[in-house]
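Shown below: my_file-v4.pdb, with PDB, C-alpha atoms.
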```pdb
ATOM      1  CA  MET I   1      97.721 110.026  81.507  1.00  0.00           C
ATOM      2  CA  PRO I   2      96.560 108.813  78.105  1.00  0.00           C
ATOM      3  CA  SER I   3      92.917 108.926  77.079  1.00  0.00           C
ATOM      4  CA  TYR I   4      91.298 105.606  76.191  1.00  0.00           C
ATOM      5  CA  LYS I   5      88.259 104.613  74.177  1.00  0.00           C
ATOM      6  CA  LEU I   6      86.991 101.086  73.568  1.00  0.00           C
ATOM      7  CA  THR I   7      84.756 100.449  70.559  1.00  0.00           C
ATOM      8  CA  TYR I   8      82.716  97.258  70.268  1.00  0.00           C
ATOM      9  CA  PHE I   9      79.280  95.824  69.644  1.00  0.00           C
ATOM     10  CA  PRO I  10      76.730  96.103  72.494  1.00  0.00           C
ATOM     11  CA  ILE I  11      77.683  92.651  73.826  1.00  0.00           C
ATOM     12  CA  THR I  12      80.361  91.331  76.173  1.00  0.00           C
ATOM     13  CA  ALA I  13      82.322  88.725  74.153  1.00  0.00           C
ATOM     14  CA  LEU I  14      85.844  89.816  73.143  1.00  0.00           C
ATOM     15  CA  ALA I  15      85.607  93.244  74.751  1.00  0.00           C
ATOM     16  CA  GLU I  16      84.716  92.049  78.255  1.00  0.00           C
ATOM     17  CA  PRO I  17      88.266  91.112  79.341  1.00  0.00           C
ATOM     18  CA  ILE I  18      89.345  94.559  78.129  1.00  0.00           C
ATOM     19  CA  ARG I  19      86.622  96.211  80.211  1.00  0.00           C
ATOM     20  CA  PHE I  20      87.639  94.102  83.224  1.00  0.00           C
ATOM     21  CA  LEU I  21      91.265  95.202  82.888  1.00  0.00           C
ATOM     22  CA  PHE I  22      90.324  98.873  82.575  1.00  0.00           C
ATOM     23  CA  SER I  23      88.147  98.528  85.673  1.00  0.00           C
ATOM     24  CA  TYR I  24      90.624  96.505  87.743  1.00  0.00           C
ATOM     25  CA  ALA I  25      93.464  98.895  86.956  1.00  0.00           C
ATOM     26  CA  GLY I  26      91.266 101.917  87.690  1.00  0.00           C
ATOM     27  CA  ILE I  27      91.824 103.312  84.198  1.00  0.00           C
ATOM     28  CA  GLU I  28      89.075 105.612  82.954  1.00  0.00           C
ATOM     29  CA  PHE I  29      87.875 104.933  79.420  1.00  0.00           C
ATOM     30  CA  VAL I  30      85.030 105.662  77.054  1.00  0.00           C
ATOM     31  CA  ASP I  31      83.023 102.497  76.399  1.00  0.00           C
ATOM     32  CA  GLU I  32      81.540 103.091  72.947  1.00  0.00           C
ATOM     33  CA  ARG I  33      79.024 100.420  71.992  1.00  0.00           C
ATOM     34  CA  PHE I  34      77.474 100.701  68.559  1.00  0.00           C
ATOM     35  CA  ASP I  35      74.384  99.080  67.083  1.00  0.00           C
ATOM     36  CA  ARG I  36      74.876  96.274  64.584  1.00  0.00           C
ATOM     37  CA  GLU I  37      73.123  98.261  61.858  1.00  0.00           C
ATOM     38  CA  ASP I  38      75.863 100.917  62.197  1.00  0.00           C
ATOM     39  CA  TRP I  39      78.676  98.391  61.639  1.00  0.00           C
ATOM     40  CA  PRO I  40      78.804  98.672  57.819  1.00  0.00           C
ATOM     41  CA  LYS I  41      79.634 102.394  58.017  1.00  0.00           C
ATOM     42  CA  LEU I  42      82.061 101.976  60.962  1.00  0.00           C
ATOM     43  CA  LYS I  43      83.914  98.939  59.600  1.00  0.00           C
ATOM     44  CA  PRO I  44      86.050 100.874  57.076  1.00  0.00           C
ATOM     45  CA  THR I  45      87.261 103.171  59.880  1.00  0.00           C
ATOM     46  CA  MET I  46      88.541 100.290  62.033  1.00  0.00           C
ATOM     47  CA  PRO I  47      92.000  98.713  61.691  1.00  0.00           C
ATOM     48  CA  PHE I  48      91.635  95.743  59.344  1.00  0.00           C
ATOM     49  CA  GLY I  49      87.856  96.178  59.634  1.00  0.00           C
ATOM     50  CA  LYS I  50      87.830  94.481  63.046  1.00  0.00           C
ATOM     51  CA  VAL I  51      86.662  95.187  66.586  1.00  0.00           C
ATOM     52  CA  PRO I  52      87.218  95.446  69.476  1.00  0.00           C
ATOM     53  CA  VAL I  53      89.407  98.481  68.985  1.00  0.00           C
ATOM     54  CA  ILE I  54      90.948 100.745  71.555  1.00  0.00           C
ATOM     55  CA  GLU I  55      92.063 104.257  70.914  1.00  0.00           C
ATOM     56  CA  VAL I  56      94.967 105.528  72.972  1.00  0.00           C
ATOM     57  CA  ASP I  57      95.216 109.287  72.580  1.00  0.00           C
ATOM     58  CA  GLY I  58      93.381 108.939  69.262  1.00  0.00           C
ATOM     59  CA  LYS I  59      95.568 106.113  67.879  1.00  0.00           C
ATOM     60  CA  LYS I  60      93.499 103.023  67.012  1.00  0.00           C
ATOM     61  CA  ILE I  61      94.567  99.413  67.401  1.00  0.00           C
ATOM     62  CA  ASP I  62      92.731  96.085  67.221  1.00  0.00           C
ATOM     63  CA  GLN I  63      93.358  92.513  68.451  1.00  0.00           C
ATOM     64  CA  SER I  64      91.725  91.836  71.809  1.00  0.00           C
ATOM     65  CA  VAL I  65      94.509  89.690  73.285  1.00  0.00           C
ATOM     66  CA  ALA I  66      97.187  92.232  72.380  1.00  0.00           C
ATOM     67  CA  ILE I  67      95.016  94.978  73.876  1.00  0.00           C
ATOM     68  CA  CYS I  68      94.658  92.964  77.084  1.00  0.00           C
ATOM     69  CA  ARG I  69      98.414  92.428  77.299  1.00  0.00           C
ATOM     70  CA  TYR I  70      98.980  96.157  76.849  1.00  0.00           C
ATOM     71  CA  LEU I  71      96.439  97.046  79.549  1.00  0.00           C
ATOM     72  CA  ALA I  72      97.886  94.410  81.885  1.00  0.00           C
ATOM     73  CA  LYS I  73     101.251  96.133  81.540  1.00  0.00           C
ATOM     74  CA  GLN I  74      99.664  99.533  82.137  1.00  0.00           C
ATOM     75  CA  GLY I  75      98.015  98.171  85.303  1.00  0.00           C
ATOM     76  CA  GLY I  76     101.090  96.368  86.637  1.00  0.00           C
ATOM     77  CA  LEU I  77      99.569  92.931  85.974  1.00  0.00           C
ATOM     78  CA  ALA I  78     102.005  91.556  83.413  1.00  0.00           C
ATOM     79  CA  GLY I  79     104.321  89.706  85.810  1.00  0.00           C
ATOM     80  CA  LYS I  80     107.240  90.723  87.979  1.00  0.00           C
ATOM     81  CA  ASN I  81     109.800  89.090  85.695  1.00  0.00           C
ATOM     82  CA  ASP I  82     110.079  87.386  82.322  1.00  0.00           C
ATOM     83  CA  TRP I  83     109.089  83.963  83.729  1.00  0.00           C
ATOM     84  CA  GLU I  84     105.884  85.311  85.299  1.00  0.00           C
ATOM     85  CA  ALA I  85     105.100  87.143  82.058  1.00  0.00           C
ATOM     86  CA  LEU I  86     105.589  83.879  80.155  1.00  0.00           C
ATOM     87  CA  GLU I  87     103.264  82.016  82.557  1.00  0.00           C
ATOM     88  CA  ILE I  88     100.611  84.690  82.129  1.00  0.00           C
ATOM     89  CA  ASP I  89     100.951  84.652  78.333  1.00  0.00           C
ATOM     90  CA  SER I  90     100.730  80.848  78.310  1.00  0.00           C
ATOM     91  CA  THR I  91      97.563  80.907  80.412  1.00  0.00           C
ATOM     92  CA  VAL I  92      95.958  83.587  78.240  1.00  0.00           C
ATOM     93  CA  ASP I  93      96.827  81.711  75.059  1.00  0.00           C
ATOM     94  CA  THR I  94      95.450  78.449  76.517  1.00  0.00           C
ATOM     95  CA  ILE I  95      92.156  80.168  77.350  1.00  0.00           C
ATOM     96  CA  HIS I  96      92.071  81.597  73.824  1.00  0.00           C
ATOM     97  CA  ASP I  97      92.668  78.101  72.370  1.00  0.00           C
ATOM     98  CA  LEU I  98      89.881  76.651  74.524  1.00  0.00           C
ATOM     99  CA  ARG I  99      87.463  79.350  73.374  1.00  0.00           C
ATOM    100  CA  GLN I 100      88.253  78.647  69.731  1.00  0.00           C
ATOM    101  CA  SER I 101      87.868  74.878  70.107  1.00  0.00           C
ATOM    102  CA  LYS I 102      84.137  75.131  70.902  1.00  0.00           C
TER     103      LYS I 102
END
```
Please express what this file holds, its structure, as structure tokens.
Amino acid sequence: MPSYKLTYFPITALAEPIRFLFSYAGIEFVDERFDREDWPKLKPTMPFGKVPVIEVDGKKIDQSVAICRYLAKQGGLAGKNDWEALEIDSTVDTIHDLRQSK
């Protein structure tokens, strides 16, 4: 089984759905939360200078929605067929649009 680490600020926000998916799927992970004053030195080590980031066996990747889709697949939550996967993706993207419209 791969090893996972999530890196994010000490708030919920974009990382919370990722934490929920790890928990729901029963996937163990390191939940690394860093202080805001440490961000300037961490930023250059993050893909595109963004967080949240997960590391899978030491490989880093960003983009919270993509991370959630990956974890949903790992946990068997990505739909039983292409149509269900499309419905899930549509719902996730609609929620993302609603969040951005505030």
### Task
Run through the PyMOL selection byres ((chain I and resi 56-61) around 7) on the given coordinates and return the selected residues as a list in words.
Pro2, Ser3, Tyr4, Lys5, Pro47, Val53, Ile54, Glu55 and Asp62 of chain I
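Relative to atom CA of Asn81 of chain I, atom CA of Leu6 of chain I is found at 28.5 Å.
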### Message
For this structure, which residues satisfy the selection - the PyMOL selection byres ((chain I and resi 65) around 10) - when it is evaluated on the file as given? I want them as a count of residues only.
### Response
17
Centre and edge lengths, as AutoDock Vina command-line options, for the axis-aligned box enclosing every listed atom of segment 14-33 of chain I with 6 Å of padding on each of the six sides, in Å to one decimal?
```
--center_x 86.2 --center_y 97.7 --center_z 79.9 --size_x 26.4 --size_y 27.8 --size_z 27.8
```
Set out as JSON lines a contact list for segment 40-79 of chain I and segment 33-36 of chain I with a cut-off of 10 Å, giving each residue of segment 40-79 of chain I that qualifies its closest atom pair and distance in Å to one decimal, counting only C-alpha atoms, ordered by chain and rising residue number.
```
{"residue": "I:Pro40", "atom": "CA", "partner": "I:Arg36", "partner_atom": "CA", "distance": 8.2}
{"residue": "I:Leu42", "atom": "CA", "partner": "I:Phe34", "partner_atom": "CA", "distance": 9.0}
{"residue": "I:Pro52", "atom": "CA", "partner": "I:Arg33", "partner_atom": "CA", "distance": 9.9}
```
### Task
Would you work out the distance separating atom CA of Phe20 of chain I from atom CA of Gln74 of chain I, expressed in Å to one decimal?
13.2 Å
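For the pair atom CA of Ala13 of chain I and atom CA of Lys50 of chain I, the interatomic distance is 13.7 Å.
Nearest-residue note for Ser23 of chain I: choosing from I:Ala78, I:Ala72, I:Ile95, I:Ala85, the minimum distance belongs to I:Ala72, counting all atoms listed in the file.
Considering the residues I:Asp31, I:Ile11, I:Glu16, I:Gly26 and counting all atoms listed in the file, Gly76 of chain I has its shortest atom-to-atom contact with I:Gly26.
Residue nearest Gly49 of chain I within the list I:Leu21, I:Tyr8, I:Leu98, I:Gly75: I:Tyr8 [criterion: smallest interatomic distance, only C-alpha atoms].
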Will you give me segment 45-61 of chain I, written with all heavy atoms and laid out as a PDB file, in the first residue's frame?
```
ATOM      1  N   THR I  45       8.991  24.594  -2.429  1.00  0.00           N
ATOM      2  CA  THR I  45       9.112  23.129  -2.481  1.00  0.00           C
ATOM      3  C   THR I  45       7.812  22.459  -2.913  1.00  0.00           C
ATOM      4  O   THR I  45       7.767  21.243  -3.047  1.00  0.00           O
ATOM      5  CB  THR I  45       9.529  22.562  -1.107  1.00  0.00           C
ATOM      6  OG1 THR I  45       8.447  22.712  -0.175  1.00  0.00           O
ATOM      7  CG2 THR I  45      10.778  23.246  -0.579  1.00  0.00           C
ATOM      8  N   MET I  46       6.760  23.257  -3.127  1.00  0.00           N
ATOM      9  CA  MET I  46       5.456  22.721  -3.502  1.00  0.00           C
ATOM     10  C   MET I  46       5.235  22.878  -5.003  1.00  0.00           C
ATOM     11  O   MET I  46       5.663  23.868  -5.592  1.00  0.00           O
ATOM     12  CB  MET I  46       4.336  23.447  -2.744  1.00  0.00           C
ATOM     13  CG  MET I  46       4.403  23.292  -1.248  1.00  0.00           C
ATOM     14  SD  MET I  46       4.180  21.561  -0.768  1.00  0.00           S
ATOM     15  CE  MET I  46       5.066  21.543   0.778  1.00  0.00           C
ATOM     16  N   PRO I  47       4.557  21.908  -5.628  1.00  0.00           N
ATOM     17  CA  PRO I  47       4.276  22.027  -7.065  1.00  0.00           C
ATOM     18  C   PRO I  47       3.531  23.331  -7.362  1.00  0.00           C
ATOM     19  O   PRO I  47       2.502  23.606  -6.746  1.00  0.00           O
ATOM     20  CB  PRO I  47       3.397  20.818  -7.364  1.00  0.00           C
ATOM     21  CG  PRO I  47       3.670  19.838  -6.265  1.00  0.00           C
ATOM     22  CD  PRO I  47       3.991  20.684  -5.065  1.00  0.00           C
ATOM     23  N   PHE I  48       4.081  24.116  -8.250  1.00  0.00           N
ATOM     24  CA  PHE I  48       3.515  25.396  -8.655  1.00  0.00           C
ATOM     25  C   PHE I  48       3.296  26.341  -7.472  1.00  0.00           C
ATOM     26  O   PHE I  48       2.507  27.274  -7.554  1.00  0.00           O
ATOM     27  CB  PHE I  48       2.210  25.205  -9.437  1.00  0.00           C
ATOM     28  CG  PHE I  48       2.395  24.381 -10.681  1.00  0.00           C
ATOM     29  CD1 PHE I  48       2.037  23.037 -10.696  1.00  0.00           C
ATOM     30  CD2 PHE I  48       2.957  24.931 -11.823  1.00  0.00           C
ATOM     31  CE1 PHE I  48       2.234  22.260 -11.829  1.00  0.00           C
ATOM     32  CE2 PHE I  48       3.139  24.167 -12.965  1.00  0.00           C
ATOM     33  CZ  PHE I  48       2.785  22.833 -12.972  1.00  0.00           C
ATOM     34  N   GLY I  49       3.980  26.087  -6.351  1.00  0.00           N
ATOM     35  CA  GLY I  49       3.868  26.939  -5.183  1.00  0.00           C
ATOM     36  C   GLY I  49       2.489  26.944  -4.560  1.00  0.00           C
ATOM     37  O   GLY I  49       2.061  27.954  -4.005  1.00  0.00           O
ATOM     38  N   LYS I  50       1.773  25.828  -4.666  1.00  0.00           N
ATOM     39  CA  LYS I  50       0.388  25.740  -4.196  1.00  0.00           C
ATOM     40  C   LYS I  50       0.227  24.625  -3.172  1.00  0.00           C
ATOM     41  O   LYS I  50       0.986  23.668  -3.147  1.00  0.00           O
ATOM     42  CB  LYS I  50      -0.560  25.436  -5.368  1.00  0.00           C
ATOM     43  CG  LYS I  50      -0.492  26.408  -6.521  1.00  0.00           C
ATOM     44  CD  LYS I  50      -1.224  27.665  -6.204  1.00  0.00           C
ATOM     45  CE  LYS I  50      -1.265  28.564  -7.424  1.00  0.00           C
ATOM     46  NZ  LYS I  50      -1.802  29.846  -7.156  1.00  0.00           N
ATOM     47  N   VAL I  51      -0.799  24.752  -2.345  1.00  0.00           N
ATOM     48  CA  VAL I  51      -1.267  23.694  -1.463  1.00  0.00           C
ATOM     49  C   VAL I  51      -2.791  23.694  -1.518  1.00  0.00           C
ATOM     50  O   VAL I  51      -3.372  24.705  -1.904  1.00  0.00           O
ATOM     51  CB  VAL I  51      -0.777  23.884   0.004  1.00  0.00           C
ATOM     52  CG1 VAL I  51       0.688  23.578   0.145  1.00  0.00           C
ATOM     53  CG2 VAL I  51      -1.121  25.243   0.558  1.00  0.00           C
ATOM     54  N   PRO I  52      -3.470  22.627  -1.203  1.00  0.00           N
ATOM     55  CA  PRO I  52      -2.943  21.415  -0.610  1.00  0.00           C
ATOM     56  C   PRO I  52      -2.142  20.584  -1.606  1.00  0.00           C
ATOM     57  O   PRO I  52      -2.347  20.656  -2.816  1.00  0.00           O
ATOM     58  CB  PRO I  52      -4.195  20.654  -0.158  1.00  0.00           C
ATOM     59  CG  PRO I  52      -5.288  21.150  -1.031  1.00  0.00           C
ATOM     60  CD  PRO I  52      -4.949  22.573  -1.363  1.00  0.00           C
ATOM     61  N   VAL I  53      -1.252  19.796  -1.022  1.00  0.00           N
ATOM     62  CA  VAL I  53      -0.418  18.864  -1.779  1.00  0.00           C
ATOM     63  C   VAL I  53      -0.496  17.515  -1.084  1.00  0.00           C
ATOM     64  O   VAL I  53      -0.490  17.453   0.138  1.00  0.00           O
ATOM     65  CB  VAL I  53       1.053  19.361  -1.821  1.00  0.00           C
ATOM     66  CG1 VAL I  53       2.005  18.264  -2.251  1.00  0.00           C
ATOM     67  CG2 VAL I  53       1.181  20.552  -2.749  1.00  0.00           C
ATOM     68  N   ILE I  54      -0.601  16.458  -1.890  1.00  0.00           N
ATOM     69  CA  ILE I  54      -0.404  15.139  -1.304  1.00  0.00           C
ATOM     70  C   ILE I  54       0.882  14.572  -1.876  1.00  0.00           C
ATOM     71  O   ILE I  54       1.278  14.889  -2.996  1.00  0.00           O
ATOM     72  CB  ILE I  54      -1.575  14.142  -1.510  1.00  0.00           C
ATOM     73  CG1 ILE I  54      -1.782  13.777  -2.970  1.00  0.00           C
ATOM     74  CG2 ILE I  54      -2.833  14.619  -0.846  1.00  0.00           C
ATOM     75  CD1 ILE I  54      -2.667  12.551  -3.169  1.00  0.00           C
ATOM     76  N   GLU I  55       1.501  13.758  -1.038  1.00  0.00           N
ATOM     77  CA  GLU I  55       2.641  12.975  -1.480  1.00  0.00           C
ATOM     78  C   GLU I  55       2.202  11.525  -1.459  1.00  0.00           C
ATOM     79  O   GLU I  55       1.649  11.050  -0.465  1.00  0.00           O
ATOM     80  CB  GLU I  55       3.834  13.159  -0.546  1.00  0.00           C
ATOM     81  CG  GLU I  55       4.469  14.523  -0.645  1.00  0.00           C
ATOM     82  CD  GLU I  55       5.692  14.664   0.237  1.00  0.00           C
ATOM     83  OE1 GLU I  55       6.516  13.715   0.297  1.00  0.00           O
ATOM     84  OE2 GLU I  55       5.823  15.714   0.880  1.00  0.00           O
ATOM     85  N   VAL I  56       2.432  10.850  -2.570  1.00  0.00           N
ATOM     86  CA  VAL I  56       2.145   9.426  -2.684  1.00  0.00           C
ATOM     87  C   VAL I  56       3.490   8.758  -2.903  1.00  0.00           C
ATOM     88  O   VAL I  56       4.121   8.953  -3.945  1.00  0.00           O
ATOM     89  CB  VAL I  56       1.182   9.127  -3.849  1.00  0.00           C
ATOM     90  CG1 VAL I  56       0.885   7.638  -3.921  1.00  0.00           C
ATOM     91  CG2 VAL I  56      -0.103   9.947  -3.721  1.00  0.00           C
ATOM     92  N   ASP I  57       3.936   8.036  -1.900  1.00  0.00           N
ATOM     93  CA  ASP I  57       5.268   7.415  -1.942  1.00  0.00           C
ATOM     94  C   ASP I  57       6.345   8.439  -2.297  1.00  0.00           C
ATOM     95  O   ASP I  57       7.242   8.176  -3.094  1.00  0.00           O
ATOM     96  CB  ASP I  57       5.298   6.237  -2.913  1.00  0.00           C
ATOM     97  CG  ASP I  57       4.489   5.062  -2.422  1.00  0.00           C
ATOM     98  OD1 ASP I  57       4.294   4.924  -1.188  1.00  0.00           O
ATOM     99  OD2 ASP I  57       4.028   4.266  -3.259  1.00  0.00           O
ATOM    100  N   GLY I  58       6.210   9.642  -1.729  1.00  0.00           N
ATOM    101  CA  GLY I  58       7.219  10.685  -1.916  1.00  0.00           C
ATOM    102  C   GLY I  58       7.034  11.556  -3.144  1.00  0.00           C
ATOM    103  O   GLY I  58       7.743  12.539  -3.314  1.00  0.00           O
ATOM    104  N   LYS I  59       6.073  11.223  -4.025  1.00  0.00           N
ATOM    105  CA  LYS I  59       5.813  12.025  -5.219  1.00  0.00           C
ATOM    106  C   LYS I  59       4.734  13.046  -4.887  1.00  0.00           C
ATOM    107  O   LYS I  59       3.643  12.678  -4.453  1.00  0.00           O
ATOM    108  CB  LYS I  59       5.373  11.153  -6.391  1.00  0.00           C
ATOM    109  CG  LYS I  59       6.435  10.179  -6.848  1.00  0.00           C
ATOM    110  CD  LYS I  59       5.963   9.354  -8.016  1.00  0.00           C
ATOM    111  CE  LYS I  59       4.999   8.294  -7.501  1.00  0.00           C
ATOM    112  NZ  LYS I  59       4.621   7.312  -8.525  1.00  0.00           N
ATOM    113  N   LYS I  60       5.027  14.328  -5.108  1.00  0.00           N
ATOM    114  CA  LYS I  60       4.106  15.410  -4.755  1.00  0.00           C
ATOM    115  C   LYS I  60       3.205  15.788  -5.925  1.00  0.00           C
ATOM    116  O   LYS I  60       3.655  15.817  -7.072  1.00  0.00           O
ATOM    117  CB  LYS I  60       4.876  16.658  -4.340  1.00  0.00           C
ATOM    118  CG  LYS I  60       5.632  16.529  -3.050  1.00  0.00           C
ATOM    119  CD  LYS I  60       6.350  17.832  -2.732  1.00  0.00           C
ATOM    120  CE  LYS I  60       7.177  17.721  -1.476  1.00  0.00           C
ATOM    121  NZ  LYS I  60       7.903  18.967  -1.198  1.00  0.00           N
ATOM    122  N   ILE I  61       1.952  16.113  -5.573  1.00  0.00           N
ATOM    123  CA  ILE I  61       1.029  16.651  -6.576  1.00  0.00           C
ATOM    124  C   ILE I  61       0.046  17.591  -5.895  1.00  0.00           C
ATOM    125  O   ILE I  61      -0.314  17.398  -4.735  1.00  0.00           O
ATOM    126  CB  ILE I  61       0.312  15.533  -7.367  1.00  0.00           C
ATOM    127  CG1 ILE I  61      -0.369  16.094  -8.593  1.00  0.00           C
ATOM    128  CG2 ILE I  61      -0.648  14.775  -6.479  1.00  0.00           C
ATOM    129  CD1 ILE I  61      -0.403  15.153  -9.760  1.00  0.00           C
TER     130      ILE I  61
END
```
